[in-house]
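Presented below is the structure to which this report refers.
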Amino acid sequence: MRRGVEGPELLSSLVSSQVEIHRPYGGVVPELASRNHALKLRPLVEQALAEAAVPVSALDAFAATRGPGLASSLLVGHSMAKALALAARKPFLSINHLEGHLLSPFLDFEPFGAQSEIPPHLALIVSGGHTMLVHARGFGDYRLLGRSLDDAAGEAFDKVARLLGLPYPGGPEIENQARLGDPTTYRFPRSMPRQLDFSFSGLKTAVRYTLAKLDDPQAHCADLCASFQQAVLDVLVDKAVRGAREAGCELVTLSGGVSCNRALRQAMDRACHQEGLTFLACPARFSTDNAAMIAFAGLLKLKEGGASSFREDIDPNLALVSSPDIQ
Ligand code: KG4
Ligand code: ZN
């Protein structure tokens with residue numbers, strides 16, 4: 001990524017997916033994940049440099065994810081970026097994975113020029129590991145308004161897909177099935193815990209009980225998926241709109257792997273429009289984990305002179321905000 005006249009310019013963005021490797025196990029196997037990162041990373045970096053037609057010596061800085069995530073996988077990328085930065089005598093930028101997701105809606109945002117700032121907004125981050133509502137007052141200035149008390153939204157999609165015998169990752173599978181089903185068939189609970197927090201484990205249990213009562217669950221798969229997805233969407237949309245009102249934000253953003261879901265994007269768009277709010281979803285290609293969002297966060301950090309120490313370690317439980325009231 002480079003700082004262009006019109007704004008950040010993405011020169012190359014490559015993702016080496018491990019979905020096929022983990023699918024037979026129904027989820028991510030940490031040992032396989034880190035081994036494959038170690039195998040794939042160097043050729044991937046070389047390919048990205050070739051596509052961008054930029055030699056390593058011309059790069060200004062090297063960014064990598066510090067956390068949260070799987071320790072053994074984080075170590076591979078973090079160490080590689082540190083080594084490259086040390087060899088090239090350039091700054092190293094250690095980035096919070098969640099900040100990458102939070103900023104990703106601005107990657108393609110036209111009015112966001114090179115000189116512009118990240119505008120104040122209410123961010124809904126929905127990934128496999130996190131569900132969060134954040135009041136972002138600008139770059140690096142975040143206040144956590146709500147988060148999931150149990151399963152993350154993506155985790156709920158993956159677990160329910162597993163109950164239904166659908167392959168990993170479950171999110172896209174459920175979305176495809178849901179398109180063929182009727183969301184009003186089953187009335188699954190809309191769990192609304194205190195204030196702006198979320199809870200999805202009761203919904204997962206409700207699906208399990210419903211399945212146990214059906215003679216042939218597969219025959220009802222599309223309706224089950226549509227009803228489950230609608231229950232998740234209703235809660236996410238309701239809390240995001242409430243969060244925007246409480247924080248006094250006019251702009252609402254959506255990011256993280258679950259933001260791939262077209263029904264969610266449409267529901268958020270509709271609700272924001274009705275409330276007179278501006279809605280900005282992360283471009284679909286930057287929804288699931290990618291390097292572009294980390295490079296973008298790195299670019300903004302570099303602009304503020306925030307290079308990281310080479311002694312910085314990975315942190316599998318890194319928080320986006322260290323808030324005394326919500327953890
Ligand atoms: O952000 P991400 O790539 O990784 C984490 O940081 O966790 O998110 C992955 C999650 C998985 O749980 C996956 O099932 C979910 O995003 N996901 C979806 C869809 N595509 C991916 N969930 C619902 N609908 C989708 N279309
Ligand atoms: Zn992620």
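In the structure tokens, each chain is lettered A, B, ... as it comes, each chain's residues begin at 1, and ligands are numbered from 1 in order of appearance.
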
Can you list every residue in segment 185-263 of chain A that DSSP puts in alpha helix (DSSP H), as a compact mmCIF listing (two decimals) with all heavy atoms, in the first residue's frame?
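Printed below is result29.txt as written:
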# COMPACT_ATOMS: atom_id res chain seq x y z
N SER A 201 -25.19 -17.63 22.54
CA SER A 201 -25.14 -19.06 22.85
C SER A 201 -26.54 -19.63 23.06
O SER A 201 -26.79 -20.80 22.74
CB SER A 201 -24.23 -19.34 24.04
OG SER A 201 -24.84 -18.92 25.21
N GLY A 202 -27.49 -18.82 23.57
CA GLY A 202 -28.87 -19.29 23.77
C GLY A 202 -29.52 -19.60 22.43
O GLY A 202 -30.29 -20.57 22.29
N LEU A 203 -29.20 -18.80 21.44
CA LEU A 203 -29.76 -19.00 20.10
C LEU A 203 -29.27 -20.34 19.53
O LEU A 203 -30.05 -21.12 18.96
CB LEU A 203 -29.32 -17.83 19.22
CG LEU A 203 -29.62 -17.89 17.73
CD1 LEU A 203 -31.10 -18.06 17.46
CD2 LEU A 203 -29.11 -16.63 17.03
N LYS A 204 -27.99 -20.59 19.72
CA LYS A 204 -27.40 -21.86 19.25
C LYS A 204 -28.11 -23.05 19.92
O LYS A 204 -28.47 -24.03 19.28
CB LYS A 204 -25.91 -21.84 19.60
CG LYS A 204 -25.13 -23.07 19.25
CD LYS A 204 -23.76 -23.02 19.92
CE LYS A 204 -23.87 -23.00 21.42
NZ LYS A 204 -22.65 -22.62 22.14
N THR A 205 -28.34 -22.92 21.24
CA THR A 205 -29.02 -23.99 21.98
C THR A 205 -30.46 -24.17 21.48
O THR A 205 -30.95 -25.30 21.34
CB THR A 205 -29.02 -23.67 23.49
OG1 THR A 205 -27.70 -23.33 23.85
CG2 THR A 205 -29.49 -24.82 24.32
N ALA A 206 -31.12 -23.05 21.18
CA ALA A 206 -32.49 -23.14 20.68
C ALA A 206 -32.54 -23.90 19.36
O ALA A 206 -33.45 -24.70 19.11
CB ALA A 206 -33.07 -21.72 20.49
N VAL A 207 -31.53 -23.66 18.50
CA VAL A 207 -31.47 -24.40 17.23
C VAL A 207 -31.28 -25.89 17.52
O VAL A 207 -31.94 -26.75 16.92
CB VAL A 207 -30.33 -23.86 16.31
CG1 VAL A 207 -30.20 -24.73 15.06
CG2 VAL A 207 -30.57 -22.41 15.94
N ARG A 208 -30.40 -26.19 18.48
CA ARG A 208 -30.14 -27.60 18.81
C ARG A 208 -31.42 -28.30 19.28
O ARG A 208 -31.74 -29.40 18.84
CB ARG A 208 -29.06 -27.69 19.89
CG ARG A 208 -28.76 -29.13 20.25
CD ARG A 208 -27.72 -29.30 21.33
NE ARG A 208 -26.39 -28.99 20.89
CZ ARG A 208 -25.55 -28.17 21.51
NH1 ARG A 208 -25.91 -27.57 22.60
NH2 ARG A 208 -24.35 -27.97 21.05
N TYR A 209 -32.21 -27.65 20.18
CA TYR A 209 -33.45 -28.25 20.68
C TYR A 209 -34.45 -28.44 19.54
O TYR A 209 -35.15 -29.45 19.48
CB TYR A 209 -34.06 -27.37 21.78
CG TYR A 209 -33.35 -27.48 23.11
CD1 TYR A 209 -33.28 -26.40 23.99
CD2 TYR A 209 -32.73 -28.69 23.50
CE1 TYR A 209 -32.61 -26.51 25.21
CE2 TYR A 209 -32.07 -28.80 24.71
CZ TYR A 209 -32.01 -27.70 25.57
OH TYR A 209 -31.35 -27.80 26.76
N THR A 210 -34.53 -27.46 18.66
CA THR A 210 -35.48 -27.56 17.54
C THR A 210 -35.10 -28.74 16.65
O THR A 210 -35.96 -29.53 16.22
CB THR A 210 -35.48 -26.25 16.72
OG1 THR A 210 -35.77 -25.18 17.60
CG2 THR A 210 -36.49 -26.29 15.59
N LEU A 211 -33.79 -28.87 16.40
CA LEU A 211 -33.31 -29.98 15.56
C LEU A 211 -33.68 -31.34 16.15
O LEU A 211 -34.07 -32.26 15.44
CB LEU A 211 -31.78 -29.92 15.44
CG LEU A 211 -31.20 -28.97 14.40
CD1 LEU A 211 -29.68 -28.96 14.50
CD2 LEU A 211 -31.63 -29.41 13.02
N ALA A 212 -33.54 -31.41 17.49
CA ALA A 212 -33.79 -32.69 18.17
C ALA A 212 -35.24 -33.12 18.01
O ALA A 212 -35.57 -34.31 18.06
CB ALA A 212 -33.43 -32.55 19.65
N LYS A 213 -36.15 -32.12 17.79
CA LYS A 213 -37.58 -32.46 17.68
C LYS A 213 -38.00 -32.81 16.25
O LYS A 213 -39.12 -33.26 16.01
CB LYS A 213 -38.41 -31.25 18.15
CG LYS A 213 -38.44 -31.12 19.67
CD LYS A 213 -39.44 -30.05 20.08
CE LYS A 213 -38.81 -29.11 21.09
NZ LYS A 213 -39.17 -27.73 20.97
N CYS A 221 -33.48 -27.76 6.39
CA CYS A 221 -32.23 -27.03 6.54
C CYS A 221 -32.35 -25.56 6.11
O CYS A 221 -31.91 -24.65 6.83
CB CYS A 221 -31.13 -27.73 5.74
SG CYS A 221 -29.51 -27.05 6.03
N ALA A 222 -32.96 -25.30 4.95
CA ALA A 222 -33.03 -23.93 4.44
C ALA A 222 -33.84 -23.03 5.38
O ALA A 222 -33.44 -21.90 5.68
CB ALA A 222 -33.64 -23.93 3.04
N ASP A 223 -34.99 -23.55 5.88
CA ASP A 223 -35.83 -22.74 6.78
C ASP A 223 -35.12 -22.52 8.12
O ASP A 223 -35.22 -21.44 8.72
CB ASP A 223 -37.18 -23.44 7.03
CG ASP A 223 -38.06 -23.39 5.79
OD1 ASP A 223 -37.85 -22.50 4.95
OD2 ASP A 223 -38.96 -24.26 5.68
N LEU A 224 -34.41 -23.55 8.60
CA LEU A 224 -33.66 -23.41 9.86
C LEU A 224 -32.57 -22.34 9.70
O LEU A 224 -32.40 -21.47 10.57
CB LEU A 224 -33.01 -24.75 10.25
CG LEU A 224 -33.96 -25.81 10.81
CD1 LEU A 224 -33.33 -27.20 10.72
CD2 LEU A 224 -34.32 -25.49 12.26
N CYS A 225 -31.85 -22.39 8.58
CA CYS A 225 -30.78 -21.41 8.34
C CYS A 225 -31.36 -20.00 8.23
O CYS A 225 -30.82 -19.05 8.80
CB CYS A 225 -30.02 -21.75 7.06
SG CYS A 225 -28.94 -23.18 7.25
N ALA A 226 -32.46 -19.87 7.48
CA ALA A 226 -33.06 -18.54 7.29
C ALA A 226 -33.54 -17.98 8.63
O ALA A 226 -33.35 -16.79 8.92
CB ALA A 226 -34.21 -18.64 6.30
N SER A 227 -34.16 -18.84 9.46
CA SER A 227 -34.69 -18.37 10.75
C SER A 227 -33.56 -18.02 11.71
O SER A 227 -33.64 -17.02 12.44
CB SER A 227 -35.59 -19.44 11.38
OG SER A 227 -36.61 -19.80 10.48
N PHE A 228 -32.51 -18.84 11.71
CA PHE A 228 -31.35 -18.56 12.57
C PHE A 228 -30.68 -17.25 12.14
O PHE A 228 -30.42 -16.36 12.96
CB PHE A 228 -30.35 -19.72 12.49
CG PHE A 228 -28.97 -19.35 12.94
CD1 PHE A 228 -28.67 -19.24 14.30
CD2 PHE A 228 -27.96 -19.06 12.02
CE1 PHE A 228 -27.39 -18.87 14.72
CE2 PHE A 228 -26.69 -18.69 12.43
CZ PHE A 228 -26.40 -18.60 13.78
N GLN A 229 -30.42 -17.13 10.84
CA GLN A 229 -29.74 -15.93 10.34
C GLN A 229 -30.54 -14.67 10.66
O GLN A 229 -29.98 -13.65 11.07
CB GLN A 229 -29.54 -16.06 8.82
CG GLN A 229 -28.83 -14.86 8.21
CD GLN A 229 -28.53 -15.06 6.74
OE1 GLN A 229 -27.56 -15.69 6.38
NE2 GLN A 229 -29.38 -14.52 5.87
N GLN A 230 -31.87 -14.77 10.52
CA GLN A 230 -32.72 -13.60 10.80
C GLN A 230 -32.61 -13.18 12.27
O GLN A 230 -32.58 -11.99 12.59
CB GLN A 230 -34.19 -13.92 10.44
CG GLN A 230 -35.08 -12.70 10.41
CD GLN A 230 -34.61 -11.68 9.38
OE1 GLN A 230 -34.38 -12.01 8.23
NE2 GLN A 230 -34.44 -10.42 9.81
N ALA A 231 -32.53 -14.18 13.15
CA ALA A 231 -32.43 -13.88 14.59
C ALA A 231 -31.11 -13.15 14.88
O ALA A 231 -31.08 -12.18 15.65
CB ALA A 231 -32.51 -15.18 15.41
N VAL A 232 -30.01 -13.60 14.25
CA VAL A 232 -28.71 -12.92 14.46
C VAL A 232 -28.78 -11.50 13.91
O VAL A 232 -28.39 -10.53 14.59
CB VAL A 232 -27.57 -13.70 13.76
CG1 VAL A 232 -26.24 -12.96 13.91
CG2 VAL A 232 -27.43 -15.12 14.32
N LEU A 233 -29.31 -11.37 12.71
CA LEU A 233 -29.37 -10.05 12.06
C LEU A 233 -30.21 -9.06 12.86
O LEU A 233 -29.82 -7.90 13.02
CB LEU A 233 -29.97 -10.20 10.64
CG LEU A 233 -28.99 -10.36 9.50
CD1 LEU A 233 -27.95 -11.42 9.75
CD2 LEU A 233 -29.71 -10.60 8.18
N ASP A 234 -31.36 -9.53 13.36
CA ASP A 234 -32.24 -8.63 14.11
C ASP A 234 -31.51 -8.00 15.30
O ASP A 234 -31.63 -6.81 15.56
CB ASP A 234 -33.48 -9.39 14.62
CG ASP A 234 -34.49 -9.64 13.50
OD1 ASP A 234 -34.27 -9.11 12.39
OD2 ASP A 234 -35.46 -10.38 13.74
N VAL A 235 -30.75 -8.85 16.01
CA VAL A 235 -30.03 -8.37 17.20
C VAL A 235 -28.92 -7.40 16.80
O VAL A 235 -28.77 -6.32 17.38
CB VAL A 235 -29.45 -9.56 18.01
CG1 VAL A 235 -28.61 -9.06 19.15
CG2 VAL A 235 -30.57 -10.46 18.51
N LEU A 236 -28.13 -7.78 15.80
CA LEU A 236 -27.00 -6.94 15.37
C LEU A 236 -27.49 -5.57 14.92
O LEU A 236 -26.93 -4.53 15.31
CB LEU A 236 -26.22 -7.62 14.23
CG LEU A 236 -25.43 -8.89 14.60
CD1 LEU A 236 -24.82 -9.52 13.35
CD2 LEU A 236 -24.34 -8.58 15.63
N VAL A 237 -28.53 -5.57 14.10
CA VAL A 237 -29.04 -4.31 13.55
C VAL A 237 -29.61 -3.43 14.66
O VAL A 237 -29.31 -2.24 14.75
CB VAL A 237 -30.11 -4.59 12.45
CG1 VAL A 237 -30.82 -3.31 12.05
CG2 VAL A 237 -29.46 -5.25 11.24
N ASP A 238 -30.40 -4.04 15.54
CA ASP A 238 -31.04 -3.30 16.64
C ASP A 238 -29.98 -2.62 17.51
O ASP A 238 -30.08 -1.44 17.83
CB ASP A 238 -31.89 -4.26 17.46
CG ASP A 238 -32.56 -3.58 18.65
OD1 ASP A 238 -31.92 -3.46 19.72
OD2 ASP A 238 -33.71 -3.14 18.48
N LYS A 239 -28.96 -3.39 17.89
CA LYS A 239 -27.94 -2.84 18.80
C LYS A 239 -27.07 -1.80 18.10
O LYS A 239 -26.63 -0.83 18.73
CB LYS A 239 -27.08 -3.97 19.37
CG LYS A 239 -27.89 -4.95 20.21
CD LYS A 239 -27.60 -4.80 21.68
CE LYS A 239 -28.55 -5.65 22.53
NZ LYS A 239 -28.19 -5.72 23.92
N ALA A 240 -26.79 -2.00 16.82
CA ALA A 240 -25.96 -1.03 16.10
C ALA A 240 -26.67 0.32 16.02
O ALA A 240 -26.06 1.37 16.27
CB ALA A 240 -25.63 -1.55 14.71
N VAL A 241 -27.95 0.29 15.71
CA VAL A 241 -28.72 1.54 15.60
C VAL A 241 -28.81 2.22 16.98
O VAL A 241 -28.62 3.43 17.10
CB VAL A 241 -30.13 1.27 15.01
CG1 VAL A 241 -31.03 2.47 15.16
CG2 VAL A 241 -30.01 0.88 13.55
N ARG A 242 -29.05 1.39 18.01
CA ARG A 242 -29.11 1.95 19.36
C ARG A 242 -27.78 2.56 19.78
O ARG A 242 -27.72 3.62 20.39
CB ARG A 242 -29.50 0.86 20.36
CG ARG A 242 -30.99 0.88 20.63
CD ARG A 242 -31.28 0.24 21.96
NE ARG A 242 -31.53 -1.18 21.78
CZ ARG A 242 -31.53 -2.05 22.79
NH1 ARG A 242 -31.25 -1.64 24.02
NH2 ARG A 242 -31.81 -3.30 22.57
N GLY A 243 -26.69 1.85 19.43
CA GLY A 243 -25.35 2.32 19.76
C GLY A 243 -25.06 3.65 19.10
O GLY A 243 -24.49 4.56 19.72
N ALA A 244 -25.45 3.78 17.84
CA ALA A 244 -25.22 5.03 17.10
C ALA A 244 -25.97 6.18 17.77
O ALA A 244 -25.44 7.28 17.94
CB ALA A 244 -25.66 4.88 15.65
N ARG A 245 -27.21 5.89 18.19
CA ARG A 245 -28.01 6.92 18.84
C ARG A 245 -27.37 7.33 20.16
O ARG A 245 -27.21 8.52 20.45
CB ARG A 245 -29.42 6.38 19.11
CG ARG A 245 -30.47 7.12 18.28
CD ARG A 245 -31.86 6.75 18.70
NE ARG A 245 -32.47 5.77 17.80
CZ ARG A 245 -32.94 4.59 18.17
NH1 ARG A 245 -32.91 4.21 19.43
NH2 ARG A 245 -33.49 3.79 17.29
N GLU A 246 -26.97 6.33 20.95
CA GLU A 246 -26.38 6.62 22.28
C GLU A 246 -25.06 7.37 22.17
O GLU A 246 -24.76 8.24 22.98
CB GLU A 246 -26.17 5.33 23.06
CG GLU A 246 -27.47 4.86 23.68
CD GLU A 246 -27.30 3.61 24.54
OE1 GLU A 246 -26.20 3.41 25.09
OE2 GLU A 246 -28.28 2.86 24.66
N ALA A 247 -24.26 7.02 21.15
CA ALA A 247 -22.95 7.66 21.01
C ALA A 247 -23.06 8.98 20.22
O ALA A 247 -22.08 9.72 20.13
CB ALA A 247 -21.99 6.72 20.31
N ARG A 262 -24.60 -10.87 2.80
CA ARG A 262 -25.35 -9.84 2.05
C ARG A 262 -26.65 -9.45 2.74
O ARG A 262 -27.06 -8.30 2.71
CB ARG A 262 -25.63 -10.30 0.62
CG ARG A 262 -24.58 -9.75 -0.33
CD ARG A 262 -24.60 -10.46 -1.64
NE ARG A 262 -24.03 -11.80 -1.47
CZ ARG A 262 -23.99 -12.72 -2.44
NH1 ARG A 262 -24.51 -12.47 -3.61
NH2 ARG A 262 -23.43 -13.90 -2.22
N ALA A 263 -27.30 -10.42 3.40
CA ALA A 263 -28.55 -10.11 4.10
C ALA A 263 -28.27 -9.13 5.25
O ALA A 263 -29.05 -8.21 5.50
CB ALA A 263 -29.18 -11.40 4.63

Could you list the protein, DNA and RNA residues that have any atom within 8 Å of ligand 2, counting only C-alpha atoms and all ligand atoms, and write them as a compact mmCIF listing (two decimals) with C-alpha atoms, in the first residue's frame?
# COMPACT_ATOMS: atom_id res chain seq x y z
CA HIS A 97 -6.19 -7.30 14.33
CA LEU A 98 -9.46 -5.69 15.50
CA HIS A 101 -11.20 -4.75 10.85
CA SER A 127 -15.92 -11.79 13.08
CA GLY A 128 -15.32 -15.41 14.03
CA GLY A 129 -13.80 -14.42 17.36
CA GLY A 256 -15.27 -8.45 10.03
CA GLY A 257 -15.83 -11.83 8.37
CA THR A 288 -12.53 -11.72 6.06
CA ASP A 289 -8.95 -11.57 7.35
CA ASN A 290 -6.60 -9.88 4.91

Item to check | Distance criterion (only C-alpha atoms): nearest to His220 of chain A out of A:Ile21, A:Val252, A:Leu164, A:Leu124 | outcome: A:Leu164

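When only C-alpha atoms and all ligand atoms are used to measure the gap to ligand 1, the shortest distance among A:Phe188, A:Phe286, A:Phe296, A:Phe200 belongs to A:Phe286.
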
Write out as a short mmCIF file (atom, residue, chain, number, x, y, z; two decimals) with C-alpha atoms, in the first residue's frame the residues lying within 9 Å of Ser13 of chain A, counting only C-alpha atoms and excluding same-chain residues fewer than 6 positions away.
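Written out: around-v6.cif:
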data_model
loop_
_atom_site.label_atom_id
_atom_site.label_comp_id
_atom_site.auth_asym_id
_atom_site.auth_seq_id
_atom_site.Cartn_x
_atom_site.Cartn_y
_atom_site.Cartn_z
CA MET A 1 0.00 0.00 0.00
CA ALA A 48 3.09 -9.39 -3.60
CA GLU A 51 2.77 -7.73 -8.43
CA ASN A 290 -6.60 -9.88 4.91
CA ALA A 291 -3.28 -8.03 4.81
CA ALA A 292 -4.67 -4.84 3.22
#

Next on the checklist: Rounded to one decimal, what separation in Å do you get between atom CA of Glu31 of chain A and atom CA of Leu86 of chain A?
Outcome noted: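 Spanning atom CA of Glu31 of chain A to atom CA of Leu86 of chain A is a straight-line distance of 27.2 Å.
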
Item to check | Between atom CA of Ser259 of chain A and atom CA of Leu280 of chain A - distance in Å to one decimal | outcome: 11.0 Å

Item to check | Exercise: Pro24 of chain A partners within 10 Å, only C-alpha atoms, chain neighbours under 5 positions left out, as a count of residues only | outcome: 3

Item to check | Within 12 Å of Ser72 of chain A using only C-alpha atoms, minus same-chain residues under 5 positions, as a PyMOL selection string | outcome: chain A and resi 29-38+66-67+77-79+314-316

Residues as selected, C-alpha atoms, written as a CSV table (one decimal), in the first residue's frame, can you do that?
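And here is the file that came out, out35.csv:
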chain,number,residue,atom,x,y,z
A,29,VAL,CA,-6.3,-26.7,13.7
A,30,PRO,CA,-3.6,-24.4,15.3
A,31,GLU,CA,-0.6,-26.6,14.5
A,32,LEU,CA,-1.6,-26.9,10.8
A,33,ALA,CA,-2.3,-23.2,10.6
A,34,SER,CA,1.1,-22.1,11.8
A,35,ARG,CA,3.0,-24.7,9.7
A,36,ASN,CA,1.2,-23.5,6.6
A,37,HIS,CA,1.8,-19.9,7.4
A,38,ALA,CA,5.5,-20.6,7.7
A,66,ARG,CA,0.1,-8.5,16.9
A,67,GLY,CA,-3.1,-10.0,18.1
A,77,GLY,CA,3.8,-13.0,10.5
A,78,HIS,CA,5.0,-10.8,13.3
A,79,SER,CA,8.5,-12.3,13.2
A,314,ILE,CA,2.6,-10.9,19.9
A,315,ASP,CA,-0.5,-10.9,22.2
A,316,PRO,CA,-3.1,-13.6,21.5

Item to check | For Gln47 of chain A, the nearest of the candidates A:Leu299, A:Ala267, A:Leu11, A:Val5, counting only C-alpha atoms | outcome: A:Leu11

Next on the checklist: Residues of segment 100-310 of chain A classed as strand (DSSP E or B) by DSSP on the backbone are to be reported as a PyMOL selection string.
Outcome noted: chain A and resi 121-126+131-138+141-148+198+251-255+278-281+308

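When only C-alpha atoms and all ligand atoms are used to compute distances to ligand 1, the closest of the residues A:Asp151, A:Glu175, A:Asp141, A:Asp108 turns out to be A:Glu175.
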
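In this structure, atom CA of Thr278 of chain A sits 19.8 Å away from atom CA of Val258 of chain A.
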
Checklist entry - Using only C-alpha atoms and all ligand atoms, which of the listed residues (A:Glu9, A:Asp158, A:Asp60, A:Asp182) sits closest to ligand 1? => result A:Asp158

Checklist outcome for this item: Using only C-alpha atoms, the best pick from A:Glu155, A:Asp150, A:Glu20, A:Asp216 as closest to Phe198 of chain A would be A:Asp150

Next on the checklist: Could you list, as an NGL selection string, every residue within 6 Å of Ala307 of chain A, counting only C-alpha atoms and ignoring same-chain residues fewer than 4 positions away?
Outcome noted: :A and (91-93)
